[in-house]
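Below is one structure, written out as structure tokens, with a few remarks after it.
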Amino acid sequence: MTLFRIRESAGLAPALFLLLAACAGSDPIGQNPIGPGPHVTSVTMTDLPPPTRADFTNTSRTYYIGAYDRLEIDVFGVPELRRELQVDASGKVSFPLAGNIDAAGLTPAELATTIEERLRGRYVREPQVTVNLREIVSQLVTVDGEVENPGAYPVVGRMTLERAVARAGGTTDMARLRDVVVFRTVEGQRYAALYNLQAIRRGNYPDPEVYANDVVIVGDSPARRLFRDILQTAPLLTSPLIVLLRS
């Protein structure tokens, strides 16, 4: 697959600029246009890169705790230490006898281990701690465009593009299945990928995985304009098209 390095132009729709700014950070995309069309440099890439742990904590398969998530914490054999707690805005959680813990960026198992280490010996001889997710707030994928129920949906375990669309109620009758765009930020780099749901369903290429903080736009022509010039010479037939966005 080929990835294209792209500089946005003034011809891109203002609504798209706002979308990209919202999904990638506070810096607006396309603020400094360099000409009437995109500047493209091809780079080899097989798929959208997966986010790193830092990408999750600044907001996978493995779930990393984030701000405002609600947790259920239980110490086996010590019922008075059973608690349902919410992670605060700074990513911390306070647990009796263990004090304040930086929970953001930890898996539930890692948080359980941290609590066990703080309780061991001094308060509980051999603590066995379990941490369960009660309410997920921080790890969400946004699905918009021509779907029945646009919105933000929690990502727990492995979620693919098809599953994300299904969580949003599926596509509407007006949806253009060949125009599905996924926006993702990885280590400060902003990417967009154009997928064809019909091609995925035919088995032309795998159903890609989506991650927390991704933005999926289904059947939206303004979003597809990012790829307009490229598609004139490289039609979307049997593989997705990926671009790296540069402001």
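All residue names refer to the structure tokens as shown: chains lettered A, B, ... in order, residues numbered from 1 in each chain, ligands numbered from 1 in order.
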Exercise for the section: as a VMD selection string, list the residues of segment 159-239 of chain A assigned to helix (DSSP H, G or I) by DSSP on the backbone atoms of this structure. Expected result: chain A and resid 161 to 167 197 to 202 221 to 233
Save the residues we just selected, C-alpha atoms, as a short mmCIF file (atom, residue, chain, number, x, y, z; two decimals), in the first residue's frame?
data_model
loop_
_atom_site.label_atom_id
_atom_site.label_comp_id
_atom_site.auth_asym_id
_atom_site.auth_seq_id
_atom_site.Cartn_x
_atom_site.Cartn_y
_atom_site.Cartn_z
CA LEU A 161 -14.35 -0.57 11.19
CA GLU A 162 -17.37 -2.75 10.38
CA ARG A 163 -18.13 -3.25 14.08
CA ALA A 164 -17.84 0.48 14.77
CA VAL A 165 -20.34 1.22 11.99
CA ALA A 166 -22.63 -1.49 13.33
CA ARG A 167 -22.46 0.01 16.84
CA LEU A 197 -16.93 -1.05 2.96
CA GLN A 198 -18.18 -2.94 -0.08
CA ALA A 199 -14.61 -4.05 -0.88
CA ILE A 200 -14.10 -5.15 2.73
CA ARG A 201 -17.32 -7.17 2.66
CA ARG A 202 -16.22 -8.81 -0.60
CA SER A 221 -18.16 13.72 0.27
CA PRO A 222 -16.27 16.68 1.87
CA ALA A 223 -14.07 14.23 3.80
CA ARG A 224 -13.36 12.30 0.60
CA ARG A 225 -12.02 15.45 -1.08
CA LEU A 226 -8.74 14.89 0.74
CA PHE A 227 -8.15 12.05 -1.70
CA ARG A 228 -9.65 13.61 -4.84
CA ASP A 229 -6.47 14.29 -6.80
CA ILE A 230 -4.84 11.02 -5.77
CA LEU A 231 -7.87 8.96 -6.85
CA GLN A 232 -7.62 10.37 -10.38
CA THR A 233 -4.50 8.25 -10.88
#
Exercise for the section: Compile the contact shell of segment 99-103 of chain A as a ChimeraX atom specification: residues with an atom at most 9 Å away, counting only C-alpha atoms, same-chain residues fewer than 5 positions apart removed. Expected result: /A:64-67,87,90-94,108,110-111,114-115,118
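Among A:Thr62, A:Asn196, A:Gln139, A:Ser239, the residue with the shortest atom-to-atom distance to Asp47 of chain A, counting only C-alpha atoms, is A:Ser239.
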Problem - Test item, strand (DSSP E or B) assignment across segment 47-190 of chain A, answer as a VMD selection string - result: chain A and resid 70 to 75 83 to 86 92 to 95 99 to 102 120 124 129 to 135 140 to 145 147 151 to 154 159 to 160 171 180 to 186 189 to 190
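The closest residue to Pro50 of chain A, picked from A:Asp220, A:Glu187, A:Glu126, A:Asp144 and counting only C-alpha atoms, is A:Glu187.
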Non-local contacts of Glu135 of chain A (10 Å; only C-alpha atoms; under 3 positions in same chain excluded) as a JSON list (two decimals) with N, CA and C atoms, in the first residue's frame:
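To be explicit, this is the file written out as part.json:
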[["chain", "number", "residue", "atom", "x", "y", "z"],
["A", 68, "TYR", "N", -11.96, 10.02, 34.36],
["A", 68, "TYR", "CA", -13.40, 9.90, 34.56],
["A", 68, "TYR", "C", -13.93, 8.47, 34.39],
["A", 69, "ASP", "N", -13.08, 7.51, 34.07],
["A", 69, "ASP", "CA", -13.55, 6.13, 34.07],
["A", 69, "ASP", "C", -13.97, 5.73, 35.48],
["A", 70, "ARG", "N", -15.00, 4.91, 35.56],
["A", 70, "ARG", "CA", -15.46, 4.44, 36.88],
["A", 70, "ARG", "C", -15.01, 2.99, 37.06],
["A", 71, "LEU", "N", -14.38, 2.72, 38.20],
["A", 71, "LEU", "CA", -13.78, 1.42, 38.47],
["A", 71, "LEU", "C", -14.40, 0.78, 39.70],
["A", 72, "GLU", "N", -14.43, -0.55, 39.70],
["A", 72, "GLU", "CA", -14.80, -1.31, 40.89],
["A", 72, "GLU", "C", -13.56, -2.05, 41.36],
["A", 86, "GLN", "N", -14.24, 6.72, 40.92],
["A", 86, "GLN", "CA", -14.08, 7.37, 39.61],
["A", 86, "GLN", "C", -12.71, 8.02, 39.53],
["A", 132, "ASN", "N", -12.17, -3.89, 38.07],
["A", 132, "ASN", "CA", -13.09, -4.06, 36.94],
["A", 132, "ASN", "C", -13.59, -2.69, 36.47],
["A", 138, "SER", "N", -13.35, 7.49, 28.87],
["A", 138, "SER", "CA", -12.17, 8.07, 28.21],
["A", 138, "SER", "C", -11.84, 7.43, 26.87],
["A", 154, "PRO", "N", -17.89, 3.43, 23.23],
["A", 154, "PRO", "CA", -16.72, 2.91, 23.96],
["A", 154, "PRO", "C", -16.01, 1.82, 23.18]]
Problem - For Ala193 of chain A, the nearest of the candidates A:Pro150, A:Gly105, A:Pro79, A:Pro240, counting only C-alpha atoms - result: A:Pro240
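Interatomic distance, atom CA of Thr113 of chain A to atom CA of Leu85 of chain A: 16.8 Å.
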Fill in the blank from the handout: Using only C-alpha atoms, the residue out of A:Leu244, A:Gly121, A:Val210, A:Phe95 with shortest distance to Tyr191 of chain A is A:Leu244
Practice task
Provide the atom CA of Glu80 of chain A to atom CA of Leu97 of chain A distance in Å, to one decimal place.
Solution key: 11.5 Å
Practice task
For atom CA of Ala109 of chain A and atom CA of Leu81 of chain A, quote the distance in Å rounded to one decimal.
Solution key: 17.2 Å
Who sits within 10 Å of Val75 of chain A, only C-alpha atoms, same chain under 5 positions skipped, as an mmCIF file with C-alpha atoms, in the first residue's frame:
data_model
loop_
_atom_site.group_PDB
_atom_site.id
_atom_site.type_symbol
_atom_site.label_atom_id
_atom_site.label_comp_id
_atom_site.auth_asym_id
_atom_site.auth_seq_id
_atom_site.Cartn_x
_atom_site.Cartn_y
_atom_site.Cartn_z
ATOM 1 C CA GLU A 80 -14.511 -3.202 53.844
ATOM 2 C CA LEU A 81 -11.990 -2.359 51.099
ATOM 3 C CA ARG A 82 -14.452 -2.971 48.285
ATOM 4 C CA ARG A 83 -14.944 0.360 46.493
ATOM 5 C CA ALA A 112 -4.468 -3.994 40.788
ATOM 6 C CA ILE A 115 -2.606 -1.516 44.987
ATOM 7 C CA GLU A 116 -1.385 -4.945 46.074
ATOM 8 C CA LEU A 119 -1.141 -2.976 50.855
ATOM 9 C CA VAL A 124 -2.833 -7.087 54.310
ATOM 10 C CA PRO A 127 -3.549 -9.052 49.133
ATOM 11 C CA GLN A 128 -5.376 -10.190 46.026
ATOM 12 C CA VAL A 129 -6.859 -7.192 44.232
ATOM 13 C CA THR A 130 -9.182 -7.129 41.235
ATOM 14 C CA VAL A 131 -10.057 -4.021 39.233
#
Handout entry: Spatial neighbours of Leu48 of chain A, max dist 12 Å, only C-alpha atoms, sep filter under 3 positions, as a VMD selection string
Key = chain A and resid 1 to 4 44 to 45 51 181 to 186 189 to 195 208 to 211 214 240 to 244
Store the residues picked out above, limited to C-alpha atoms, as an mmCIF file, in the first residue's frame.
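Output (selection19.cif):
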data_model
loop_
_atom_site.group_PDB
_atom_site.id
_atom_site.type_symbol
_atom_site.label_atom_id
_atom_site.label_comp_id
_atom_site.auth_asym_id
_atom_site.auth_seq_id
_atom_site.Cartn_x
_atom_site.Cartn_y
_atom_site.Cartn_z
ATOM 1 C CA MET A 1 0.000 0.000 0.000
ATOM 2 C CA THR A 2 1.118 3.551 -0.611
ATOM 3 C CA LEU A 3 0.874 6.386 1.848
ATOM 4 C CA PHE A 4 0.872 9.967 0.624
ATOM 5 C CA THR A 44 5.337 3.007 1.550
ATOM 6 C CA MET A 45 2.959 1.918 4.349
ATOM 7 C CA PRO A 51 -1.811 4.371 18.374
ATOM 8 C CA VAL A 181 -12.766 7.943 6.070
ATOM 9 C CA VAL A 182 -10.939 7.210 9.333
ATOM 10 C CA PHE A 183 -8.945 9.997 11.020
ATOM 11 C CA ARG A 184 -6.252 9.076 13.563
ATOM 12 C CA THR A 185 -3.433 10.832 15.425
ATOM 13 C CA VAL A 186 -0.304 8.829 16.305
ATOM 14 C CA GLN A 189 1.152 12.803 13.295
ATOM 15 C CA ARG A 190 -2.301 13.162 11.757
ATOM 16 C CA TYR A 191 -3.502 10.505 9.325
ATOM 17 C CA ALA A 192 -6.584 9.892 7.224
ATOM 18 C CA ALA A 193 -7.502 6.638 5.489
ATOM 19 C CA LEU A 194 -10.162 6.080 2.830
ATOM 20 C CA TYR A 195 -11.902 2.690 2.951
ATOM 21 C CA PRO A 208 -9.225 -2.687 9.684
ATOM 22 C CA GLU A 209 -9.039 -2.240 13.433
ATOM 23 C CA VAL A 210 -10.181 1.083 14.893
ATOM 24 C CA TYR A 211 -8.996 2.501 18.186
ATOM 25 C CA ASP A 214 -10.403 7.591 16.022
ATOM 26 C CA PRO A 240 -7.436 1.408 1.253
ATOM 27 C CA LEU A 241 -5.735 4.740 0.590
ATOM 28 C CA ILE A 242 -3.808 6.439 3.419
ATOM 29 C CA VAL A 243 -2.525 10.000 3.684
ATOM 30 C CA LEU A 244 -0.371 11.766 6.237
#
